[in-house]
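my_file_22.csv, holding CSV, C-alpha atoms and all ligand atoms:
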```csv
chain,number,residue,atom,x,y,z
S,1,MET,CA,-40.3,1.7,18.5
S,2,PRO,CA,-43.7,0.9,17.0
S,3,SER,CA,-45.5,4.1,16.1
S,4,SER,CA,-48.6,3.1,18.1
S,5,ASN,CA,-46.8,3.8,21.4
S,6,PRO,CA,-48.1,6.8,23.3
S,7,PRO,CA,-45.9,9.9,23.8
S,8,ALA,CA,-44.3,10.1,27.2
S,9,PRO,CA,-46.4,12.2,29.7
S,10,SER,CA,-45.2,15.5,30.9
S,11,SER,CA,-44.3,15.9,34.5
S,12,ALA,CA,-47.4,18.0,35.0
S,13,GLN,CA,-49.5,15.2,33.7
S,14,LEU,CA,-47.8,12.7,36.1
S,15,GLU,CA,-48.3,15.1,39.0
S,16,GLU,CA,-52.0,15.1,38.3
S,17,VAL,CA,-52.1,11.3,38.5
S,18,LYS,CA,-50.1,11.4,41.7
S,19,ASP,CA,-52.5,13.9,43.2
S,20,ALA,CA,-55.4,11.7,42.3
S,21,VAL,CA,-53.7,8.7,44.0
S,22,ARG,CA,-53.0,10.9,47.1
S,23,ALA,CA,-56.7,11.9,47.2
S,24,LEU,CA,-57.9,8.3,47.3
S,25,LEU,CA,-55.5,7.0,50.0
S,26,HIS,CA,-57.8,8.0,52.9
S,27,GLN,CA,-60.5,5.3,53.1
S,28,PRO,CA,-62.2,5.5,56.5
S,29,GLU,CA,-64.3,2.5,55.9
S,30,TYR,CA,-61.5,0.2,54.7
S,31,ASP,CA,-59.2,-1.8,56.9
S,32,ASP,CA,-57.1,0.6,59.0
S,33,GLY,CA,-58.4,3.7,57.1
S,34,SER,CA,-56.0,3.7,54.2
S,35,ALA,CA,-55.7,2.1,50.8
S,36,GLY,CA,-51.9,2.6,51.0
S,37,PRO,CA,-50.9,-0.8,52.2
S,38,VAL,CA,-52.9,-2.9,49.7
S,39,LEU,CA,-51.6,-0.6,46.9
S,40,VAL,CA,-48.0,-1.4,47.9
S,41,ARG,CA,-48.9,-5.1,47.8
S,42,LEU,CA,-50.4,-4.7,44.4
S,43,ALA,CA,-47.2,-3.2,42.9
S,44,TRP,CA,-45.1,-5.9,44.7
S,45,HIS,CA,-47.2,-8.8,43.4
S,46,SER,CA,-47.3,-7.3,39.9
S,47,ALA,CA,-43.5,-7.1,39.8
S,48,GLY,CA,-42.6,-10.1,42.0
S,49,THR,CA,-43.3,-12.7,39.2
S,50,TYR,CA,-40.1,-11.8,37.5
S,51,ASP,CA,-37.8,-14.6,36.5
S,52,ALA,CA,-34.3,-13.4,35.5
S,53,ALA,CA,-33.4,-16.6,33.7
S,54,SER,CA,-36.3,-16.5,31.2
S,55,LYS,CA,-36.8,-12.7,31.4
S,56,THR,CA,-40.5,-13.3,32.0
S,57,GLY,CA,-42.9,-11.8,34.5
S,58,GLY,CA,-42.4,-8.4,36.2
S,59,SER,CA,-44.4,-5.3,36.4
S,60,ASN,CA,-44.8,-4.8,32.7
S,61,GLY,CA,-48.1,-6.0,31.2
S,62,ALA,CA,-50.5,-5.6,34.2
S,63,GLY,CA,-51.3,-9.3,33.8
S,64,MET,CA,-53.4,-9.3,37.0
S,65,ARG,CA,-56.2,-8.0,34.9
S,66,TYR,CA,-56.5,-11.5,33.5
S,67,GLU,CA,-57.9,-14.5,35.4
S,68,LYS,CA,-54.7,-16.4,34.8
S,69,GLU,CA,-52.8,-14.1,37.2
S,70,GLY,CA,-55.5,-12.1,38.9
S,71,GLY,CA,-57.2,-15.3,40.0
S,72,ASP,CA,-54.0,-16.8,41.5
S,73,PRO,CA,-54.8,-17.4,45.2
S,74,ALA,CA,-51.6,-15.6,46.0
S,75,ASN,CA,-53.2,-12.4,44.7
S,76,ALA,CA,-56.4,-12.8,46.8
S,77,GLY,CA,-57.6,-9.4,47.9
S,78,LEU,CA,-55.7,-7.3,45.4
S,79,ALA,CA,-58.9,-6.7,43.5
S,80,HIS,CA,-59.6,-4.1,46.2
S,81,ALA,CA,-56.4,-2.3,45.2
S,82,ARG,CA,-57.2,-2.4,41.6
S,83,ALA,CA,-60.7,-1.1,42.3
S,84,PHE,CA,-59.3,1.8,44.3
S,85,LEU,CA,-57.3,2.8,41.2
S,86,GLU,CA,-60.0,2.3,38.6
S,87,PRO,CA,-61.3,5.9,38.8
S,88,VAL,CA,-57.8,7.2,38.3
S,89,LYS,CA,-57.4,5.1,35.2
S,90,GLU,CA,-60.8,6.4,34.0
S,91,LYS,CA,-59.8,10.0,34.6
S,92,PHE,CA,-56.3,9.6,33.0
S,93,PRO,CA,-56.7,6.9,30.3
S,94,TRP,CA,-53.3,7.7,28.9
S,95,ILE,CA,-51.5,6.0,31.8
S,96,THR,CA,-51.2,2.2,31.5
S,97,TYR,CA,-52.4,0.0,34.3
S,98,ALA,CA,-48.9,-1.3,34.6
S,99,ASP,CA,-47.5,2.1,35.2
S,100,LEU,CA,-50.4,3.2,37.4
S,101,TRP,CA,-50.1,0.3,39.8
S,102,CYS,CA,-46.3,0.9,40.3
S,103,LEU,CA,-46.7,4.7,40.6
S,104,ALA,CA,-49.6,4.4,43.1
S,105,ALA,CA,-47.3,2.3,45.4
S,106,VAL,CA,-44.6,4.9,45.2
S,107,VAL,CA,-47.0,7.6,46.1
S,108,ALA,CA,-48.5,5.5,48.9
S,109,VAL,CA,-45.1,4.7,50.5
S,110,LYS,CA,-44.2,8.4,50.5
S,111,GLU,CA,-47.6,9.6,51.8
S,112,MET,CA,-47.4,7.0,54.7
S,113,GLY,CA,-44.1,8.6,55.8
S,114,GLY,CA,-41.7,6.5,53.9
S,115,PRO,CA,-38.9,7.3,51.5
S,116,GLU,CA,-39.1,8.7,48.0
S,117,VAL,CA,-38.7,5.8,45.6
S,118,GLN,CA,-37.4,6.5,42.1
S,119,TRP,CA,-40.1,5.7,39.4
S,120,GLN,CA,-40.0,5.7,35.7
S,121,GLY,CA,-42.9,5.1,33.4
S,122,GLY,CA,-43.3,3.4,30.0
S,123,ARG,CA,-44.7,0.1,30.9
S,124,THR,CA,-47.4,-1.3,28.6
S,125,ASP,CA,-50.5,-3.4,29.2
S,126,PHE,CA,-50.8,-6.8,27.6
S,127,THR,CA,-53.7,-7.1,25.2
S,128,ASP,CA,-54.2,-10.8,26.0
S,129,ASP,CA,-53.0,-13.3,28.5
S,130,SER,CA,-50.4,-15.1,26.4
S,131,LYS,CA,-47.5,-13.4,28.1
S,132,VAL,CA,-48.9,-13.6,31.6
S,133,PRO,CA,-46.4,-15.5,33.8
S,134,PRO,CA,-47.4,-18.9,35.3
S,135,ARG,CA,-48.8,-19.0,38.9
S,136,GLY,CA,-46.6,-20.1,41.7
S,137,ARG,CA,-43.8,-17.5,41.5
S,138,LEU,CA,-44.8,-15.5,44.6
S,139,PRO,CA,-43.5,-16.4,48.1
S,140,ASP,CA,-45.4,-18.8,50.4
S,141,ALA,CA,-45.5,-17.3,53.9
S,142,ALA,CA,-45.7,-20.7,55.6
S,143,GLN,CA,-42.1,-21.4,54.6
S,144,GLY,CA,-38.6,-20.4,55.7
S,145,SER,CA,-35.4,-18.8,54.6
S,146,ASP,CA,-34.5,-21.4,51.9
S,147,HIS,CA,-37.8,-20.6,50.2
S,148,LEU,CA,-37.2,-16.9,50.4
S,149,ARG,CA,-33.8,-17.3,48.8
S,150,HIS,CA,-35.3,-19.5,46.1
S,151,ILE,CA,-38.0,-16.9,45.2
S,152,PHE,CA,-35.9,-13.7,45.6
S,153,TYR,CA,-32.7,-14.9,44.0
S,154,ARG,CA,-34.8,-15.9,41.0
S,155,MET,CA,-35.6,-12.2,40.6
S,156,GLY,CA,-32.0,-11.2,41.1
S,157,PHE,CA,-32.0,-10.0,44.7
S,158,ASN,CA,-29.5,-10.7,47.5
S,159,ASP,CA,-29.9,-11.4,51.2
S,160,GLN,CA,-29.7,-7.8,52.3
S,161,GLU,CA,-32.3,-6.9,49.7
S,162,ILE,CA,-34.6,-9.7,50.9
S,163,VAL,CA,-34.5,-8.3,54.4
S,164,ALA,CA,-35.0,-4.7,53.2
S,165,LEU,CA,-38.0,-5.7,51.1
S,166,SER,CA,-39.6,-7.6,54.0
S,167,GLY,CA,-39.7,-4.3,55.9
S,168,ALA,CA,-42.8,-3.5,53.8
S,169,HIS,CA,-44.6,-5.5,56.5
S,170,ASN,CA,-44.5,-2.3,58.5
S,171,LEU,CA,-47.6,-1.7,56.5
S,172,GLY,CA,-51.0,-3.3,56.4
S,173,ARG,CA,-52.3,-6.5,57.7
S,174,CYS,CA,-53.1,-10.1,56.9
S,175,HIS,CA,-56.7,-11.0,56.2
S,176,GLY,CA,-58.2,-14.4,57.0
S,177,ASP,CA,-60.3,-14.4,53.8
S,178,ARG,CA,-57.3,-13.5,51.6
S,179,SER,CA,-54.1,-15.3,52.7
S,180,GLY,CA,-55.6,-17.2,55.7
S,181,PHE,CA,-53.2,-15.4,58.1
S,182,GLU,CA,-54.7,-12.9,60.5
S,183,GLY,CA,-53.6,-9.5,61.9
S,184,LYS,CA,-51.1,-6.7,61.6
S,185,TRP,CA,-47.3,-6.7,62.2
S,186,VAL,CA,-47.2,-3.3,63.9
S,187,ASN,CA,-49.5,-1.1,65.9
S,188,GLN,CA,-49.6,1.7,63.3
S,189,PRO,CA,-49.9,-0.1,60.0
S,190,THR,CA,-50.5,2.9,57.9
S,191,ARG,CA,-47.2,4.6,58.9
S,192,PHE,CA,-44.1,3.5,57.2
S,193,SER,CA,-41.3,3.0,59.7
S,194,ASN,CA,-38.6,0.4,60.9
S,195,GLN,CA,-40.9,-0.7,63.7
S,196,TYR,CA,-41.3,-4.2,62.1
S,197,TYR,CA,-37.6,-5.0,62.7
S,198,ARG,CA,-37.6,-3.6,66.2
S,199,LEU,CA,-40.7,-5.7,67.1
S,200,LEU,CA,-39.2,-8.8,65.5
S,201,LEU,CA,-36.1,-8.5,67.8
S,202,GLN,CA,-37.8,-7.2,71.0
S,203,ASN,CA,-40.7,-9.5,71.4
S,204,ASP,CA,-41.1,-13.0,72.5
S,205,TRP,CA,-43.1,-14.4,69.6
S,206,LYS,CA,-45.3,-17.4,70.3
S,207,LYS,CA,-46.4,-19.9,67.7
S,208,LYS,CA,-50.2,-19.9,67.2
S,209,LYS,CA,-52.2,-22.4,65.2
S,210,LEU,CA,-55.2,-20.9,63.4
S,211,ALA,CA,-58.5,-22.7,63.0
S,212,ASN,CA,-57.6,-23.1,59.3
S,213,GLY,CA,-54.5,-25.0,60.2
S,214,LEU,CA,-52.0,-22.3,59.3
S,215,GLU,CA,-49.3,-21.3,61.9
S,216,GLN,CA,-48.3,-17.8,62.6
S,217,PHE,CA,-46.4,-16.1,65.4
S,218,VAL,CA,-48.1,-13.7,67.9
S,219,TYR,CA,-47.4,-11.3,70.6
S,220,VAL,CA,-49.7,-9.2,72.8
S,221,ASP,CA,-48.4,-5.7,73.6
S,222,GLU,CA,-49.0,-5.3,77.3
S,223,GLU,CA,-47.7,-1.7,77.4
S,224,ILE,CA,-50.5,-0.3,75.1
S,225,GLU,CA,-53.0,1.8,77.0
S,226,LEU,CA,-56.5,0.4,76.4
S,227,GLU,CA,-59.8,2.1,76.6
S,228,GLU,CA,-62.3,0.5,79.0
S,229,GLY,CA,-63.6,-2.8,77.6
S,230,GLU,CA,-61.0,-2.8,74.8
S,231,GLU,CA,-59.2,-6.1,74.2
S,232,PRO,CA,-55.5,-6.0,73.8
S,233,GLU,CA,-54.7,-6.5,70.1
S,234,GLU,CA,-52.3,-9.2,69.1
S,235,LEU,CA,-49.5,-8.4,66.7
S,236,MET,CA,-48.3,-11.1,64.3
S,237,MET,CA,-45.4,-12.3,62.3
S,238,LEU,CA,-45.5,-14.8,59.4
S,239,PRO,CA,-43.2,-17.9,59.4
S,240,THR,CA,-41.2,-16.2,56.6
S,241,ASP,CA,-40.8,-13.0,58.8
S,242,MET,CA,-39.5,-15.2,61.7
S,243,SER,CA,-37.0,-16.8,59.4
S,244,LEU,CA,-35.2,-13.4,59.1
S,245,LEU,CA,-34.4,-13.8,62.7
S,246,SER,CA,-33.2,-17.4,62.7
S,247,ASP,CA,-31.1,-17.1,59.5
S,248,ALA,CA,-27.5,-16.2,60.2
S,249,ALA,CA,-27.1,-14.1,57.0
S,250,PHE,CA,-30.5,-12.3,57.3
S,251,ARG,CA,-30.4,-11.5,61.0
S,252,PRO,CA,-27.5,-8.9,61.0
S,253,TRP,CA,-29.6,-6.8,58.5
S,254,VAL,CA,-32.7,-7.1,60.8
S,255,GLU,CA,-30.5,-5.7,63.6
S,256,ARG,CA,-29.1,-2.9,61.5
S,257,TYR,CA,-32.5,-1.8,60.2
S,258,ALA,CA,-33.9,-1.9,63.7
S,259,LYS,CA,-31.3,0.5,64.9
S,260,ASP,CA,-31.0,2.7,61.9
S,261,LYS,CA,-34.2,4.0,60.3
S,262,ASP,CA,-32.4,6.1,57.8
S,263,LEU,CA,-30.4,3.2,56.5
S,264,PHE,CA,-33.6,1.1,56.2
S,265,PHE,CA,-35.3,4.0,54.3
S,266,ALA,CA,-32.4,4.4,51.9
S,267,HIS,CA,-32.1,0.6,51.3
S,268,PHE,CA,-35.9,0.2,51.0
S,269,ALA,CA,-36.1,3.0,48.4
S,270,ALA,CA,-33.4,1.4,46.4
S,271,VAL,CA,-34.7,-2.1,46.5
S,272,PHE,CA,-38.3,-1.2,45.9
S,273,GLY,CA,-37.3,0.9,42.9
S,274,LYS,CA,-35.3,-2.1,41.6
S,275,LEU,CA,-38.3,-4.4,42.1
S,276,LEU,CA,-40.6,-2.1,40.0
S,277,GLU,CA,-38.0,-2.1,37.2
S,278,LEU,CA,-37.5,-5.9,36.9
S,279,GLY,CA,-37.7,-7.0,33.4
S,280,LEU,CA,-37.7,-3.6,31.9
S,281,VAL,CA,-34.8,-2.8,29.5
S,282,ARG,CA,-34.4,0.9,28.9
S,283,ASP,CA,-32.3,2.9,26.4
S,284,ALA,CA,-30.2,5.9,27.4
S,285,SER,CA,-33.2,8.2,27.4
S,286,GLY,CA,-35.3,5.9,29.6
S,287,ASN,CA,-37.5,4.5,26.9
S,288,ILE,CA,-38.3,0.8,27.3
S,289,VAL,CA,-36.8,-1.2,24.5
S,290,ASN,CA,-38.3,-4.5,23.6
S,291,GLU,CA,-37.6,-7.7,25.6
S,292,GLU,CA,-39.5,-11.0,25.5
S,293,ASN,CA,-42.1,-9.7,28.0
S,294,VAL,CA,-42.2,-6.1,26.9
S,295,GLU,CA,-44.4,-5.0,24.1
S,296,GLY,CA,-43.3,-1.4,23.7
S,297,GLY,CA,-42.9,1.8,25.6
S,298,TYR,CA,-43.3,5.5,24.9
S,299,GLN,CA,-42.4,7.0,21.5
S,300,SER,CA,-38.8,7.9,21.4
N,1,LIG,C1,-49.3,-8.6,53.1
N,1,LIG,C2,-46.6,-12.6,52.6
N,1,LIG,C3,-43.0,-9.9,50.9
N,1,LIG,C4,-45.8,-6.0,51.1
N,1,LIG,C5,-48.9,-9.9,53.1
N,1,LIG,C6,-49.7,-11.0,53.5
N,1,LIG,C7,-49.0,-12.1,53.3
N,1,LIG,C8,-47.7,-11.7,52.8
N,1,LIG,C9,-49.4,-13.6,53.6
N,1,LIG,C10,-51.2,-10.9,53.9
N,1,LIG,C11,-52.1,-10.8,52.8
N,1,LIG,C12,-53.5,-10.7,53.2
N,1,LIG,O1,-54.0,-11.6,53.9
N,1,LIG,O2,-54.2,-9.7,52.9
N,1,LIG,C13,-45.4,-12.2,52.1
N,1,LIG,C14,-44.2,-13.0,52.0
N,1,LIG,C15,-43.2,-12.3,51.6
N,1,LIG,C16,-43.7,-10.9,51.4
N,1,LIG,C17,-44.2,-14.5,52.3
N,1,LIG,C18,-41.8,-12.7,51.3
N,1,LIG,C19,-40.8,-12.1,51.9
N,1,LIG,C20,-43.5,-8.6,50.7
N,1,LIG,C21,-42.8,-7.6,50.0
N,1,LIG,C22,-43.6,-6.5,50.0
N,1,LIG,C23,-44.8,-6.8,50.8
N,1,LIG,C24,-41.5,-7.7,49.3
N,1,LIG,C25,-43.4,-5.1,49.4
N,1,LIG,C26,-42.2,-4.6,49.2
N,1,LIG,C27,-47.0,-6.3,51.8
N,1,LIG,C28,-48.0,-5.4,52.2
N,1,LIG,C29,-49.0,-6.2,52.8
N,1,LIG,C30,-48.6,-7.5,52.7
N,1,LIG,C31,-47.9,-3.9,52.1
N,1,LIG,C32,-50.3,-5.6,53.5
N,1,LIG,C33,-51.4,-5.7,52.5
N,1,LIG,C34,-52.7,-5.2,53.1
N,1,LIG,O3,-52.7,-4.6,54.1
N,1,LIG,O4,-53.7,-5.5,52.4
N,1,LIG,N1,-47.7,-10.3,52.7
N,1,LIG,N2,-45.0,-10.9,51.8
N,1,LIG,N3,-44.7,-8.1,51.2
N,1,LIG,N4,-47.3,-7.6,52.1
N,1,LIG,FE1,-46.2,-9.2,52.0
```

Would you mind writing the structure in this file as structure tokens?
Amino acid sequence: MPSSNPPAPSSAQLEEVKDAVRALLHQPEYDDGSAGPVLVRLAWHSAGTYDAASKTGGSNGAGMRYEKEGGDPANAGLAHARAFLEPVKEKFPWITYADLWCLAAVVAVKEMGGPEVQWQGGRTDFTDDSKVPPRGRLPDAAQGSDHLRHIFYRMGFNDQEIVALSGAHNLGRCHGDRSGFEGKWVNQPTRFSNQYYRLLLQNDWKKKKLANGLEQFVYVDEEIELEEGEEPEELMMLPTDMSLLSDAAFRPWVERYAKDKDLFFAHFAAVFGKLLELGLVRDASGNIVNEENVEGGYQS
């Protein structure tokens, strides 16, 4: 290990960072009142560039700080997530951005009622953009199940894991000025649950063409009680979400997760933990040992 690597933080130090993240989740002026969903997306997009064949990409490096990755249209809107975390980085400069982004998502999932995801630190931040992965590695929501397999198999995931990961769409919403899609998947988008799978199966989703030419699927929940003058809000699904229903290997997992919240929570915790570790090679004591895309780790 290079001697310039920092010592591993104590659990008390980590707890302080987690508390600081918990304290910023409530954002009454932002979206549905929580920074949680966009923080989960930040961690996912930081890790979801992994390519198992070349061992490049993944959550190490925090490449989104550079235009090459941060300016990728697929990452539109994630500057909000990075800005929410900036005061935490300023207060605890010893934590790397790469670790902070992943840890913040783990804290957010738990605080929104989701499972405890295993997290280990030691990621380093790139000091220039030479190891930042090329654009085009994240999924395109306008496509279908073949595309999902192409993207997620590249990272080393299987069909069950693809369906479990997609359950993160219980959280947050699509923004017309970010992805071009519009709306939220579930009524309570700041509460982690298996509602996404239940809604996928229960509802009669209708194709809707947006003014920008993109197509998504929508449903208006007639059962919701509305205040006077309130318009019923449409729920939405992306074409990739719908492909989980039409694909014969994906659908049984949608059905199981819709029925069994505990199973979904257990599988989500496992697969999200795996996502955040992609590309990191650790020794027996958990220290990151060098790989092509990893510059170091903690002192051993
Ligand atoms: C939001 C696509 C998988 C977590 C979004 C948005 C799109 C999208 C288009 C809307 C972005 C915006 O307009 O702000 C996809 C596709 C996936 C995928 C095509 C392939 C399966 C995942 C995974 C996770 C995830 C694996 C995490 C485990 C989220 C979250 C949001 C989101 C939390 C809400 C963000 C917010 O509220 O700002 N996704 N996603 N997605 N995605 Fe995914």

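Counting from atom CA of S:Ser193, the distance to atom CA of S:Trp205 is 20.1 Å.
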
**Asked** Could you name the residues that touch stretch 124-140 of chain S at 8 Å or less, counting only C-alpha atoms, but leaving out those on the same chain fewer than 5 positions away, as a ChimeraX atom specification?
**Response** /S:45,48-50,56-57,60-63,66,68-69,72,74,96-99,147-148,151,240,293-297

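Residue nearest ligand LIG 1 (chain N) within the list S:Ser34, S:Asn158, S:Gln202, S:Gln27: S:Ser34 [criterion: smallest interatomic distance, all atoms listed in the file].
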
**Item:** Environment of ligand LIG 1 (chain N) within 7 Å, counting only C-alpha atoms and all ligand atoms, reported as JSON, numbers by chain
**Value:** {"S": [37, 38, 40, 41, 44, 77, 139, 140, 141, 148, 162, 165, 166, 168, 169, 171, 172, 173, 174, 175, 176, 177, 178, 179, 180, 181, 182, 240, 241, 272]}

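Nearest to S:Gln13 of all the residues S:Leu199, S:Met236, S:Ile95, S:Ala164 is S:Ile95, based on all atoms listed in the file.
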
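The interatomic distance for the pair atom CA of S:Gln118 and atom CA of S:Ala270 works out to 7.8 Å.
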
**Message:** Taking only C-alpha atoms into account, name the residue in S:Gln160, S:Ser59, S:Ser54, S:Ser11 that is nearest to S:Glu255.
**Reply:** S:Gln160

Report as AutoDock Vina command-line options the centre and the edge lengths, in Å to one decimal, of the axis-aligned box holding every listed atom of stretch 200-204 of chain S, padded by 8 Å on each side.
```
--center_x -38.6 --center_y -10.1 --center_z 69.0 --size_x 21.0 --size_y 21.8 --size_z 23.0
```

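Closest approach to S:Ser10 among S:Gly213, S:Gly121, S:Asp262, S:Lys206 is made by S:Gly121 (distances from all atoms listed in the file).
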
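Considering the residues S:Gly36, S:Pro252, S:Pro189, S:Pro9 and counting only C-alpha atoms, S:Glu111 has its shortest atom-to-atom contact with S:Gly36.
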
**Non-local contacts of S:Phe84 (9 Å; all atoms listed in the file; under 2 positions in same chain excluded) as a ChimeraX atom specification** = /S:21,24-25,35,39,79-82,86-88

Please reconstruct the missing atoms of stretch 108-128 of chain S (target: N, CA and C atoms) and return them as a CSV table (one decimal), keeping the file's coordinate frame.
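result_1.csv, written as the output of this step:
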```
chain,number,residue,atom,x,y,z
S,108,ALA,N,-48.0,6.0,47.6
S,108,ALA,CA,-48.5,5.5,48.9
S,108,ALA,C,-47.4,5.4,50.0
S,109,VAL,N,-46.2,4.9,49.6
S,109,VAL,CA,-45.1,4.7,50.5
S,109,VAL,C,-44.7,6.1,51.0
S,110,LYS,N,-44.6,7.1,50.1
S,110,LYS,CA,-44.2,8.4,50.5
S,110,LYS,C,-45.2,9.1,51.4
S,111,GLU,N,-46.5,8.9,51.0
S,111,GLU,CA,-47.6,9.6,51.8
S,111,GLU,C,-47.7,8.9,53.2
S,112,MET,N,-47.3,7.7,53.4
S,112,MET,CA,-47.4,7.0,54.7
S,112,MET,C,-46.1,7.3,55.5
S,113,GLY,N,-45.3,8.2,55.0
S,113,GLY,CA,-44.1,8.6,55.8
S,113,GLY,C,-42.9,7.9,55.4
S,114,GLY,N,-42.9,7.2,54.3
S,114,GLY,CA,-41.7,6.5,53.9
S,114,GLY,C,-40.8,7.3,52.9
S,115,PRO,N,-39.8,6.6,52.4
S,115,PRO,CA,-38.9,7.3,51.5
S,115,PRO,C,-39.4,7.6,50.1
S,116,GLU,N,-38.8,8.5,49.4
S,116,GLU,CA,-39.1,8.7,48.0
S,116,GLU,C,-38.4,7.6,47.1
S,117,VAL,N,-39.2,6.9,46.4
S,117,VAL,CA,-38.7,5.8,45.6
S,117,VAL,C,-38.7,6.3,44.1
S,118,GLN,N,-37.6,6.0,43.5
S,118,GLN,CA,-37.4,6.5,42.1
S,118,GLN,C,-38.4,5.7,41.2
S,119,TRP,N,-39.1,6.3,40.3
S,119,TRP,CA,-40.1,5.7,39.4
S,119,TRP,C,-39.9,6.2,38.0
S,120,GLN,N,-40.0,5.3,37.1
S,120,GLN,CA,-40.0,5.7,35.7
S,120,GLN,C,-41.1,5.0,35.0
S,121,GLY,N,-41.8,5.6,34.1
S,121,GLY,CA,-42.9,5.1,33.4
S,121,GLY,C,-42.5,4.4,32.1
S,122,GLY,N,-43.5,4.0,31.3
S,122,GLY,CA,-43.3,3.4,30.0
S,122,GLY,C,-43.7,2.0,29.9
S,123,ARG,N,-44.2,1.4,31.0
S,123,ARG,CA,-44.7,0.1,30.9
S,123,ARG,C,-46.0,0.0,30.0
S,124,THR,N,-46.2,-1.1,29.4
S,124,THR,CA,-47.4,-1.3,28.6
S,124,THR,C,-48.3,-2.3,29.2
S,125,ASP,N,-49.5,-2.4,28.7
S,125,ASP,CA,-50.5,-3.4,29.2
S,125,ASP,C,-50.6,-4.5,28.2
S,126,PHE,N,-50.5,-5.7,28.6
S,126,PHE,CA,-50.8,-6.8,27.6
S,126,PHE,C,-52.2,-6.7,27.1
S,127,THR,N,-52.3,-7.1,25.9
S,127,THR,CA,-53.7,-7.1,25.2
S,127,THR,C,-54.3,-8.4,25.3
S,128,ASP,N,-53.6,-9.5,25.7
S,128,ASP,CA,-54.2,-10.8,26.0
S,128,ASP,C,-53.4,-11.5,27.0
```
